[in-house]
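Q: Below: one structure in structure tokens.
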Amino acid sequence: MNTSSKVIRDPIHGDIKVSGLLLRLLQTPEVQRLHHIKQLGFAQLVFPGAHHTRFEHSLGAAAIMTRLCDVLGLKEDRELLTAAALLHDIGHGPFSHTLESILMEQFGVDHVGLTLKLLNGDYEVFEPAERRYISSPTAHAVLTKAGLDLDLIGKIIQGRTPKTPYLGQLLCSTIDVDQLDYLMRDAYYTGVAYGMIDLQRLLQTITILRKMIVVKRKGVSVVESILMARGLMYSSVYFHKTVRIAELMLLRALEKTPGSEPFAFYRMTDAEIIHTLKGKGAYQEEMMTRLKYRTLFKQAYTASFNDFSTQQRSIVRGLEDPEACKSKERELEETLKIPAGHLILDVPRQELLRTEPRINLTEIGVEDNKKRRSLDEFTPIALAIRSRLAPDWAVMVATDERHRALVAKRVKRYLFA
């Protein structure tokens, strides 16, 4: 038995001791690649400290899972759960969620789907020429050798463990280890105050009741803080308009690359995709250079659902379809005589729900006198979070600074024509 261990110093969780299976998984190519995938995409263009990576987050999620296993007494499931926590994001492509929409549109798969393919050995993170230089076993090989149930690990990552719901809830629910780590970590590195969570208090009040994760009644306040932190982080950081514009500029460059294979781009790192796209044509070179020097498109028009009439809301709902949105985008460019690819129409609500289905998930059981009750019975916060729309805009139009005044003046008329 391999008894070696390592202690990794983390700014969020302090010293994290890694040994055994977790150490072997940490050394796999799938996990090591995450060193080169920024956790928050282009957020560093707005929040200069946000250079942390998916590797740090994955390690942090595993660290929280280890502590939860201890407080919940889950000795038999510890390896499965910590492995799932460490590996849950290995399917992420460059700049994290940025390319998620193109994968969903073209292949009906997201980063979770790719994670499962990697775990099952159906897919590799290597470029064809890279394999000869890598001697470390893959995550699939390590898990198989350890005799772990790959199917169950996949179900834990998806939160689909109906016979033992608490297993899936620990990694995919209202207060799972994934969200706990990224809220604390992202708040720390961006410098905002919204992601502050009393993790120690949560660990003292979380428990299992009838195979379901619940919090004791005295832990309701910490759940409230988690829900509020999540909502505020989405509106203030994750869907900040400038970050969103940068992500869409990268996405448009990829979409306009002839013969592009999203799976090939998906296995790249942040730096690799920027370098590769820069050599794919004049438009791609322009977008990548603009991103490099932060010469971004500017917001020319933005509006929330409250700004629209009933008829306009119906039109906006129709534009949530990706093809309808792209068609309207091209129509606006032609009508306003703006060069192709230099106007971005963003109608993000459905995309947000696809990439983060937990955004409106607020249900968590509360243990009260040995009975499981709904969180809504103890606080109005959950209902308020479900009522709050994120992001703040229903429609945004961004363009080159040269065309900004023209678009701002005329786009609304043509948008709802």
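Chain identifiers are assigned as A, B, and so on, following the order in which chains appear in the structure tokens; residues are numbered from 1 within each chain, and ligands are numbered from 1 in order of appearance.
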Can you pull out every residue within 12 Å of stretch 372-378 of chain A, counting only C-alpha atoms, but drop anything in the same chain fewer than 2 positions away, and send it as an mmCIF file with N, CA and C atoms, in the first residue's frame?

A:
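Output file part20.cif follows:
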data_model
loop_
_atom_site.group_PDB
_atom_site.id
_atom_site.type_symbol
_atom_site.label_atom_id
_atom_site.label_comp_id
_atom_site.auth_asym_id
_atom_site.auth_seq_id
_atom_site.Cartn_x
_atom_site.Cartn_y
_atom_site.Cartn_z
ATOM 1 N N THR A 174 -28.097 22.001 -3.397
ATOM 2 C CA THR A 174 -28.155 23.401 -2.987
ATOM 3 C C THR A 174 -26.903 23.837 -2.240
ATOM 4 N N THR A 207 -26.314 17.133 8.510
ATOM 5 C CA THR A 207 -26.495 15.747 8.940
ATOM 6 C C THR A 207 -27.258 14.985 7.855
ATOM 7 N N ILE A 208 -27.472 13.713 8.095
ATOM 8 C CA ILE A 208 -28.230 12.874 7.166
ATOM 9 C C ILE A 208 -29.488 12.388 7.874
ATOM 10 N N LEU A 209 -30.626 12.565 7.224
ATOM 11 C CA LEU A 209 -31.904 12.128 7.777
ATOM 12 C C LEU A 209 -32.653 11.372 6.689
ATOM 13 N N ARG A 210 -32.917 10.103 6.943
ATOM 14 C CA ARG A 210 -33.604 9.238 5.977
ATOM 15 C C ARG A 210 -32.918 9.285 4.597
ATOM 16 N N LYS A 211 -31.602 9.147 4.625
ATOM 17 C CA LYS A 211 -30.752 9.087 3.431
ATOM 18 C C LYS A 211 -30.691 10.399 2.648
ATOM 19 N N MET A 212 -31.115 11.494 3.272
ATOM 20 C CA MET A 212 -31.083 12.800 2.627
ATOM 21 C C MET A 212 -30.213 13.761 3.440
ATOM 22 N N ILE A 213 -29.469 14.624 2.728
ATOM 23 C CA ILE A 213 -28.707 15.657 3.401
ATOM 24 C C ILE A 213 -29.678 16.720 3.921
ATOM 25 N N VAL A 214 -29.564 17.049 5.188
ATOM 26 C CA VAL A 214 -30.378 18.109 5.787
ATOM 27 C C VAL A 214 -29.476 18.933 6.700
ATOM 28 N N VAL A 215 -29.989 20.084 7.107
ATOM 29 C CA VAL A 215 -29.305 20.862 8.137
ATOM 30 C C VAL A 215 -30.213 20.922 9.359
ATOM 31 N N LYS A 216 -29.584 20.973 10.507
ATOM 32 C CA LYS A 216 -30.375 21.144 11.715
ATOM 33 C C LYS A 216 -30.963 22.555 11.731
ATOM 34 N N ARG A 217 -32.017 22.722 12.473
ATOM 35 C CA ARG A 217 -32.732 24.004 12.471
ATOM 36 C C ARG A 217 -31.803 25.177 12.791
ATOM 37 N N LYS A 218 -30.837 24.956 13.650
ATOM 38 C CA LYS A 218 -29.921 26.041 14.015
ATOM 39 C C LYS A 218 -28.943 26.381 12.885
ATOM 40 N N GLY A 219 -28.972 25.588 11.808
ATOM 41 C CA GLY A 219 -28.097 25.858 10.677
ATOM 42 C C GLY A 219 -28.771 26.592 9.539
ATOM 43 N N VAL A 220 -30.027 26.993 9.723
ATOM 44 C CA VAL A 220 -30.761 27.678 8.652
ATOM 45 C C VAL A 220 -30.047 28.968 8.239
ATOM 46 N N SER A 221 -29.496 29.684 9.184
ATOM 47 C CA SER A 221 -28.847 30.970 8.864
ATOM 48 C C SER A 221 -27.648 30.790 7.945
ATOM 49 N N VAL A 222 -26.901 29.711 8.104
ATOM 50 C CA VAL A 222 -25.744 29.514 7.237
ATOM 51 C C VAL A 222 -26.190 29.142 5.828
ATOM 52 N N VAL A 223 -27.304 28.421 5.708
ATOM 53 C CA VAL A 223 -27.844 28.125 4.377
ATOM 54 C C VAL A 223 -28.321 29.418 3.715
ATOM 55 N N GLU A 224 -28.941 30.287 4.499
ATOM 56 C CA GLU A 224 -29.349 31.590 3.960
ATOM 57 C C GLU A 224 -28.156 32.334 3.387
ATOM 58 N N LEU A 227 -27.080 30.840 -0.018
ATOM 59 C CA LEU A 227 -27.986 31.205 -1.109
ATOM 60 C C LEU A 227 -27.802 32.662 -1.520
ATOM 61 N N LEU A 361 -31.825 26.589 -7.615
ATOM 62 C CA LEU A 361 -32.058 25.468 -6.712
ATOM 63 C C LEU A 361 -31.855 25.934 -5.272
ATOM 64 N N THR A 362 -32.930 25.926 -4.497
ATOM 65 C CA THR A 362 -32.849 26.441 -3.127
ATOM 66 C C THR A 362 -33.347 25.443 -2.086
ATOM 67 N N GLU A 363 -33.839 24.303 -2.518
ATOM 68 C CA GLU A 363 -34.433 23.376 -1.566
ATOM 69 C C GLU A 363 -33.357 22.581 -0.826
ATOM 70 N N ILE A 364 -33.446 22.585 0.464
ATOM 71 C CA ILE A 364 -32.605 21.743 1.321
ATOM 72 C C ILE A 364 -33.438 21.423 2.551
ATOM 73 N N GLY A 365 -33.422 20.171 2.959
ATOM 74 C CA GLY A 365 -34.228 19.780 4.098
ATOM 75 C C GLY A 365 -33.708 20.351 5.408
ATOM 76 N N VAL A 366 -34.631 20.618 6.313
ATOM 77 C CA VAL A 366 -34.286 21.104 7.648
ATOM 78 C C VAL A 366 -34.797 20.094 8.668
ATOM 79 N N GLU A 367 -33.895 19.627 9.526
ATOM 80 C CA GLU A 367 -34.285 18.678 10.573
ATOM 81 C C GLU A 367 -34.889 19.447 11.754
ATOM 82 N N ASP A 368 -36.117 19.132 12.052
ATOM 83 C CA ASP A 368 -36.811 19.789 13.158
ATOM 84 C C ASP A 368 -37.577 18.730 13.935
ATOM 85 N N ASN A 369 -37.116 18.437 15.159
ATOM 86 C CA ASN A 369 -37.731 17.398 15.995
ATOM 87 C C ASN A 369 -37.798 16.055 15.267
ATOM 88 N N LYS A 370 -36.671 15.682 14.661
ATOM 89 C CA LYS A 370 -36.517 14.394 13.972
ATOM 90 C C LYS A 370 -37.325 14.296 12.677
ATOM 91 N N PRO A 380 -37.831 33.263 4.281
ATOM 92 C CA PRO A 380 -38.306 33.715 2.968
ATOM 93 C C PRO A 380 -37.173 33.887 1.955
ATOM 94 N N ILE A 381 -35.943 33.680 2.414
ATOM 95 C CA ILE A 381 -34.785 33.918 1.553
ATOM 96 C C ILE A 381 -34.816 33.036 0.309
ATOM 97 N N ALA A 382 -35.176 31.760 0.500
ATOM 98 C CA ALA A 382 -35.174 30.828 -0.632
ATOM 99 C C ALA A 382 -36.121 31.296 -1.728
ATOM 100 N N LEU A 383 -37.301 31.723 -1.356
ATOM 101 C CA LEU A 383 -38.275 32.217 -2.328
ATOM 102 C C LEU A 383 -37.766 33.476 -3.011
ATOM 103 N N ALA A 384 -37.135 34.347 -2.254
ATOM 104 C CA ALA A 384 -36.595 35.586 -2.827
ATOM 105 C C ALA A 384 -35.509 35.290 -3.852
ATOM 106 N N ILE A 385 -34.664 34.307 -3.560
ATOM 107 C CA ILE A 385 -33.593 33.933 -4.488
ATOM 108 C C ILE A 385 -34.184 33.378 -5.774
ATOM 109 N N ARG A 386 -35.218 32.554 -5.656
ATOM 110 C CA ARG A 386 -35.856 31.996 -6.854
ATOM 111 C C ARG A 386 -36.522 33.082 -7.698
#

Q: What does the structure give for the distance between atom CA of A:Pro339 and atom CA of A:Gln284, in Å to one decimal?

A: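 We find that atom CA of A:Pro339 and atom CA of A:Gln284 lie 13.7 Å from each other.
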
Q: Just the residues within 10 Å of A:Ala187, please, counting only C-alpha atoms, with nothing from its chain fewer than 4 positions along; format it as JSON, numbers by chain.

A: {"A": [50, 181, 182, 183, 191, 192, 193, 194, 195, 196, 197, 229, 233, 237]}

Q: Neighbouring residues of A:Ser4 were defined as those with any atom within 9 Å, considering only C-alpha atoms; residues of the same chain fewer than 4 positions away were excluded. Please report them as a PyMOL selection string.

A: chain A and resi 18-20+23

Q: Which residues of stretch 362-401 of chain A have any atom within 12 Å of an atom in stretch 311-319 of chain A when counting only C-alpha atoms, and what is the closest pair of atoms for each, with the distance in Å to one decimal? Order the rows by chain and rising number and write it as a Markdown table.

A:
| residue | atom | partner | partner_atom | distance |
| --- | --- | --- | --- | --- |
| A:Trp393 | CA | A:Val316 | CA | 11.3 |
| A:Ala394 | CA | A:Val316 | CA | 7.6 |
| A:Val395 | CA | A:Val316 | CA | 7.5 |
| A:Met396 | CA | A:Val316 | CA | 10.9 |

Q: DSSP on the backbone: what in stretch 189-375 of chain A comes out strand (DSSP E), as a PyMOL selection string?

A: chain A and resi 206-209+212-216+298-303+343-346+365-368+371-374

Q: Leaving out A:His52 and any residue of its chain fewer than 5 positions from it, which residues lie within 9 Å of it when counting only C-alpha atoms, given as a list in words?

A: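 Using only C-alpha atoms, the neighbours found are His35, Ile37, Lys38, Gln39, Leu40, His57, Arg185, Asp186 and Tyr189 of chain A.
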
Q: Selected residues, C-alpha atoms, written as a JSON list (two decimals), in the first residue's frame, please.

A:
[["chain", "number", "residue", "atom", "x", "y", "z"],
["A", 35, "HIS", "CA", -3.53, 24.14, -13.65],
["A", 37, "ILE", "CA", -7.69, 26.46, -17.01],
["A", 38, "LYS", "CA", -8.75, 29.65, -15.23],
["A", 39, "GLN", "CA", -11.60, 29.16, -12.82],
["A", 40, "LEU", "CA", -13.38, 32.34, -13.84],
["A", 57, "HIS", "CA", -10.95, 24.63, -6.91],
["A", 185, "ARG", "CA", -12.50, 30.87, -3.41],
["A", 186, "ASP", "CA", -13.92, 33.19, -6.04],
["A", 189, "TYR", "CA", -9.55, 36.06, -5.42]]

Q: DSSP says alpha helix (DSSP H) for which residues of stretch 169-272 of chain A? Put them as a PyMOL selection string?

A: chain A and resi 169+177-190+199-205+220-233+241-255+262-266+270-272

Q: Atom CA of A:Gly159 and atom CA of A:Cys172 are how many Å apart?

A: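 The value is 4.8 Å.
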
Q: List the spatial neighbours of A:Arg410 as a compact mmCIF listing (two decimals) with C-alpha atoms, in the first residue's frame - criterion: any atom at most 12 Å away, only C-alpha atoms, same-chain residues fewer than 6 positions off excluded.

A:
# COMPACT_ATOMS: atom_id res chain seq x y z
CA ALA A 300 -24.28 49.73 -26.50
CA TYR A 301 -27.70 48.62 -25.32
CA LEU A 332 -28.69 43.78 -37.15
CA GLU A 333 -25.16 43.87 -38.59
CA THR A 335 -29.16 46.66 -41.30
CA LEU A 336 -26.76 48.89 -39.38
CA LYS A 337 -23.92 48.25 -41.87
CA VAL A 397 -25.89 44.40 -27.47
CA HIS A 403 -20.08 51.76 -33.88
CA ARG A 404 -21.29 52.19 -30.32
CA PHE A 416 -38.17 44.53 -32.06
CA ALA A 417 -39.10 45.15 -35.69

Q: What separation in Å, quoted to one decimal, exists between atom CA of A:Tyr283 and atom CA of A:Gly341?

A: 7.8 Å

Q: Under the rule that only C-alpha atoms are counted, which of A:Pro11, A:Gly41, A:Gly60, A:Pro137 is the nearest residue to A:Arg24?

A: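 Using only C-alpha atoms, A:Arg24 sits closest to A:Pro137.
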
Q: Hey, which of A:Gln204, A:Gln169, A:Thr379, A:Thr190 ends up closest to A:Arg67? Count only C-alpha atoms.

A: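 Comparing A:Gln204, A:Gln169, A:Thr379, A:Thr190 against A:Arg67, the winner is A:Gln204.
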
Q: Each residue of stretch 184-301 of chain A with at least one atom at most 8 Å from stretch 92-97 of chain A should appear once, together with its nearest atom pair and the corresponding distance in Å (one decimal); atoms considered: only C-alpha atoms; ordering: chain, then increasing residue number; output as a Markdown table.

A:
| residue | atom | partner | partner_atom | distance |
| --- | --- | --- | --- | --- |
| A:Phe265 | CA | A:Gly93 | CA | 7.7 |
| A:Tyr266 | CA | A:Gly93 | CA | 4.5 |
| A:Arg267 | CA | A:Gly93 | CA | 6.0 |
| A:Met268 | CA | A:Pro94 | CA | 6.2 |
| A:Thr269 | CA | A:Pro94 | CA | 5.1 |
| A:Asp270 | CA | A:Pro94 | CA | 4.6 |
| A:Ile273 | CA | A:Pro94 | CA | 7.0 |

Q: Give me, as a ChimeraX atom specification, all polymer residues having an atom no more than 12 Å from A:Lys155, counting only C-alpha atoms and skipping those fewer than 2 positions away in the same chain.

A: /A:80-81,84-85,88,112-113,115-116,119,149-153,157-172

Q: Convert the current residue selection to file output with N, CA and C atoms, as a PDB file, in the first residue's frame.

A:
ATOM      1  N   LEU A  80     -14.843   7.046  -2.748  1.00  0.00           N
ATOM      2  CA  LEU A  80     -15.711   7.381  -3.864  1.00  0.00           C
ATOM      3  C   LEU A  80     -16.024   8.875  -3.899  1.00  0.00           C
ATOM      4  N   LEU A  81     -16.382   9.413  -2.749  1.00  0.00           N
ATOM      5  CA  LEU A  81     -16.810  10.802  -2.683  1.00  0.00           C
ATOM      6  C   LEU A  81     -15.662  11.781  -2.915  1.00  0.00           C
ATOM      7  N   ALA A  84     -14.688  11.666  -6.591  1.00  0.00           N
ATOM      8  CA  ALA A  84     -15.673  12.394  -7.400  1.00  0.00           C
ATOM      9  C   ALA A  84     -15.492  13.903  -7.260  1.00  0.00           C
ATOM     10  N   ALA A  85     -15.226  14.365  -6.047  1.00  0.00           N
ATOM     11  CA  ALA A  85     -15.033  15.803  -5.815  1.00  0.00           C
ATOM     12  C   ALA A  85     -13.795  16.313  -6.543  1.00  0.00           C
ATOM     13  N   HIS A  88     -14.514  16.187 -10.555  1.00  0.00           N
ATOM     14  CA  HIS A  88     -15.804  16.632 -11.107  1.00  0.00           C
ATOM     15  C   HIS A  88     -15.673  17.660 -12.224  1.00  0.00           C
ATOM     16  N   VAL A 112     -19.844  18.330 -17.925  1.00  0.00           N
ATOM     17  CA  VAL A 112     -20.128  17.139 -17.121  1.00  0.00           C
ATOM     18  C   VAL A 112     -20.107  15.900 -18.011  1.00  0.00           C
ATOM     19  N   GLY A 113     -20.715  16.012 -19.201  1.00  0.00           N
ATOM     20  CA  GLY A 113     -20.695  14.898 -20.142  1.00  0.00           C
ATOM     21  C   GLY A 113     -19.292  14.503 -20.545  1.00  0.00           C
ATOM     22  N   THR A 115     -16.612  15.068 -18.727  1.00  0.00           N
ATOM     23  CA  THR A 115     -16.002  14.478 -17.529  1.00  0.00           C
ATOM     24  C   THR A 115     -16.308  12.988 -17.461  1.00  0.00           C
ATOM     25  N   LEU A 116     -17.552  12.620 -17.723  1.00  0.00           N
ATOM     26  CA  LEU A 116     -17.933  11.203 -17.684  1.00  0.00           C
ATOM     27  C   LEU A 116     -17.208  10.411 -18.765  1.00  0.00           C
ATOM     28  N   LEU A 119     -13.724   9.809 -17.466  1.00  0.00           N
ATOM     29  CA  LEU A 119     -13.715   8.817 -16.393  1.00  0.00           C
ATOM     30  C   LEU A 119     -13.881   7.405 -16.944  1.00  0.00           C
ATOM     31  N   ASP A 149     -16.119   1.922  -8.368  1.00  0.00           N
ATOM     32  CA  ASP A 149     -17.272   1.851  -9.264  1.00  0.00           C
ATOM     33  C   ASP A 149     -17.341   3.131 -10.090  1.00  0.00           C
ATOM     34  N   LEU A 150     -16.901   3.076 -11.358  1.00  0.00           N
ATOM     35  CA  LEU A 150     -16.871   4.258 -12.210  1.00  0.00           C
ATOM     36  C   LEU A 150     -18.276   4.804 -12.463  1.00  0.00           C
ATOM     37  N   ASP A 151     -19.218   3.905 -12.620  1.00  0.00           N
ATOM     38  CA  ASP A 151     -20.586   4.339 -12.867  1.00  0.00           C
ATOM     39  C   ASP A 151     -21.136   5.119 -11.685  1.00  0.00           C
ATOM     40  N   LEU A 152     -20.856   4.662 -10.480  1.00  0.00           N
ATOM     41  CA  LEU A 152     -21.340   5.348  -9.287  1.00  0.00           C
ATOM     42  C   LEU A 152     -20.663   6.709  -9.126  1.00  0.00           C
ATOM     43  N   ILE A 153     -19.372   6.777  -9.420  1.00  0.00           N
ATOM     44  CA  ILE A 153     -18.678   8.069  -9.346  1.00  0.00           C
ATOM     45  C   ILE A 153     -19.318   9.057 -10.308  1.00  0.00           C
ATOM     46  N   ILE A 157     -21.237  12.648  -9.399  1.00  0.00           N
ATOM     47  CA  ILE A 157     -20.915  13.922 -10.035  1.00  0.00           C
ATOM     48  C   ILE A 157     -22.166  14.578 -10.610  1.00  0.00           C
ATOM     49  N   GLN A 158     -23.073  13.779 -11.133  1.00  0.00           N
ATOM     50  CA  GLN A 158     -24.318  14.307 -11.703  1.00  0.00           C
ATOM     51  C   GLN A 158     -25.400  14.542 -10.649  1.00  0.00           C
ATOM     52  N   GLY A 159     -25.170  14.051  -9.436  1.00  0.00           N
ATOM     53  CA  GLY A 159     -26.188  14.168  -8.393  1.00  0.00           C
ATOM     54  C   GLY A 159     -27.340  13.213  -8.584  1.00  0.00           C
ATOM     55  N   ARG A 160     -27.076  12.071  -9.221  1.00  0.00           N
ATOM     56  CA  ARG A 160     -28.140  11.111  -9.526  1.00  0.00           C
ATOM     57  C   ARG A 160     -27.875   9.777  -8.829  1.00  0.00           C
ATOM     58  N   THR A 161     -28.160   9.749  -7.541  1.00  0.00           N
ATOM     59  CA  THR A 161     -27.984   8.526  -6.755  1.00  0.00           C
ATOM     60  C   THR A 161     -29.269   8.263  -5.981  1.00  0.00           C
ATOM     61  N   PRO A 162     -30.331   7.850  -6.656  1.00  0.00           N
ATOM     62  CA  PRO A 162     -31.653   7.752  -6.015  1.00  0.00           C
ATOM     63  C   PRO A 162     -31.715   6.798  -4.829  1.00  0.00           C
ATOM     64  N   LYS A 163     -30.927   5.718  -4.828  1.00  0.00           N
ATOM     65  CA  LYS A 163     -30.978   4.777  -3.704  1.00  0.00           C
ATOM     66  C   LYS A 163     -30.302   5.340  -2.465  1.00  0.00           C
ATOM     67  N   THR A 164     -29.308   6.168  -2.665  1.00  0.00           N
ATOM     68  CA  THR A 164     -28.613   6.828  -1.559  1.00  0.00           C
ATOM     69  C   THR A 164     -28.480   8.307  -1.922  1.00  0.00           C
ATOM     70  N   PRO A 165     -29.559   9.075  -1.836  1.00  0.00           N
ATOM     71  CA  PRO A 165     -29.563  10.466  -2.312  1.00  0.00           C
ATOM     72  C   PRO A 165     -28.454  11.336  -1.732  1.00  0.00           C
ATOM     73  N   TYR A 166     -28.059  11.078  -0.486  1.00  0.00           N
ATOM     74  CA  TYR A 166     -27.065  11.930   0.151  1.00  0.00           C
ATOM     75  C   TYR A 166     -25.725  11.920  -0.580  1.00  0.00           C
ATOM     76  N   LEU A 167     -25.403  10.805  -1.256  1.00  0.00           N
ATOM     77  CA  LEU A 167     -24.136  10.748  -1.984  1.00  0.00           C
ATOM     78  C   LEU A 167     -24.104  11.785  -3.099  1.00  0.00           C
ATOM     79  N   GLY A 168     -25.143  11.830  -3.909  1.00  0.00           N
ATOM     80  CA  GLY A 168     -25.204  12.805  -4.982  1.00  0.00           C
ATOM     81  C   GLY A 168     -25.367  14.223  -4.475  1.00  0.00           C
ATOM     82  N   GLN A 169     -26.089  14.382  -3.378  1.00  0.00           N
ATOM     83  CA  GLN A 169     -26.316  15.721  -2.832  1.00  0.00           C
ATOM     84  C   GLN A 169     -25.024  16.381  -2.363  1.00  0.00           C
ATOM     85  N   LEU A 170     -24.076  15.579  -1.933  1.00  0.00           N
ATOM     86  CA  LEU A 170     -22.827  16.143  -1.434  1.00  0.00           C
ATOM     87  C   LEU A 170     -22.028  16.838  -2.532  1.00  0.00           C
ATOM     88  N   LEU A 171     -22.283  16.476  -3.793  1.00  0.00           N
ATOM     89  CA  LEU A 171     -21.542  17.082  -4.898  1.00  0.00           C
ATOM     90  C   LEU A 171     -22.433  17.850  -5.868  1.00  0.00           C
ATOM     91  N   CYS A 172     -23.728  17.664  -5.769  1.00  0.00           N
ATOM     92  CA  CYS A 172     -24.617  18.354  -6.708  1.00  0.00           C
ATOM     93  C   CYS A 172     -25.963  18.634  -6.039  1.00  0.00           C
TER      94      CYS A 172
END

Q: Considering only C-alpha atoms, can you say which of A:Glu334, A:Glu329, A:Glu56, A:Asp89 comes closest to A:Ala398?

A: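 Of the candidates, the smallest distance to A:Ala398 is held by A:Glu329.
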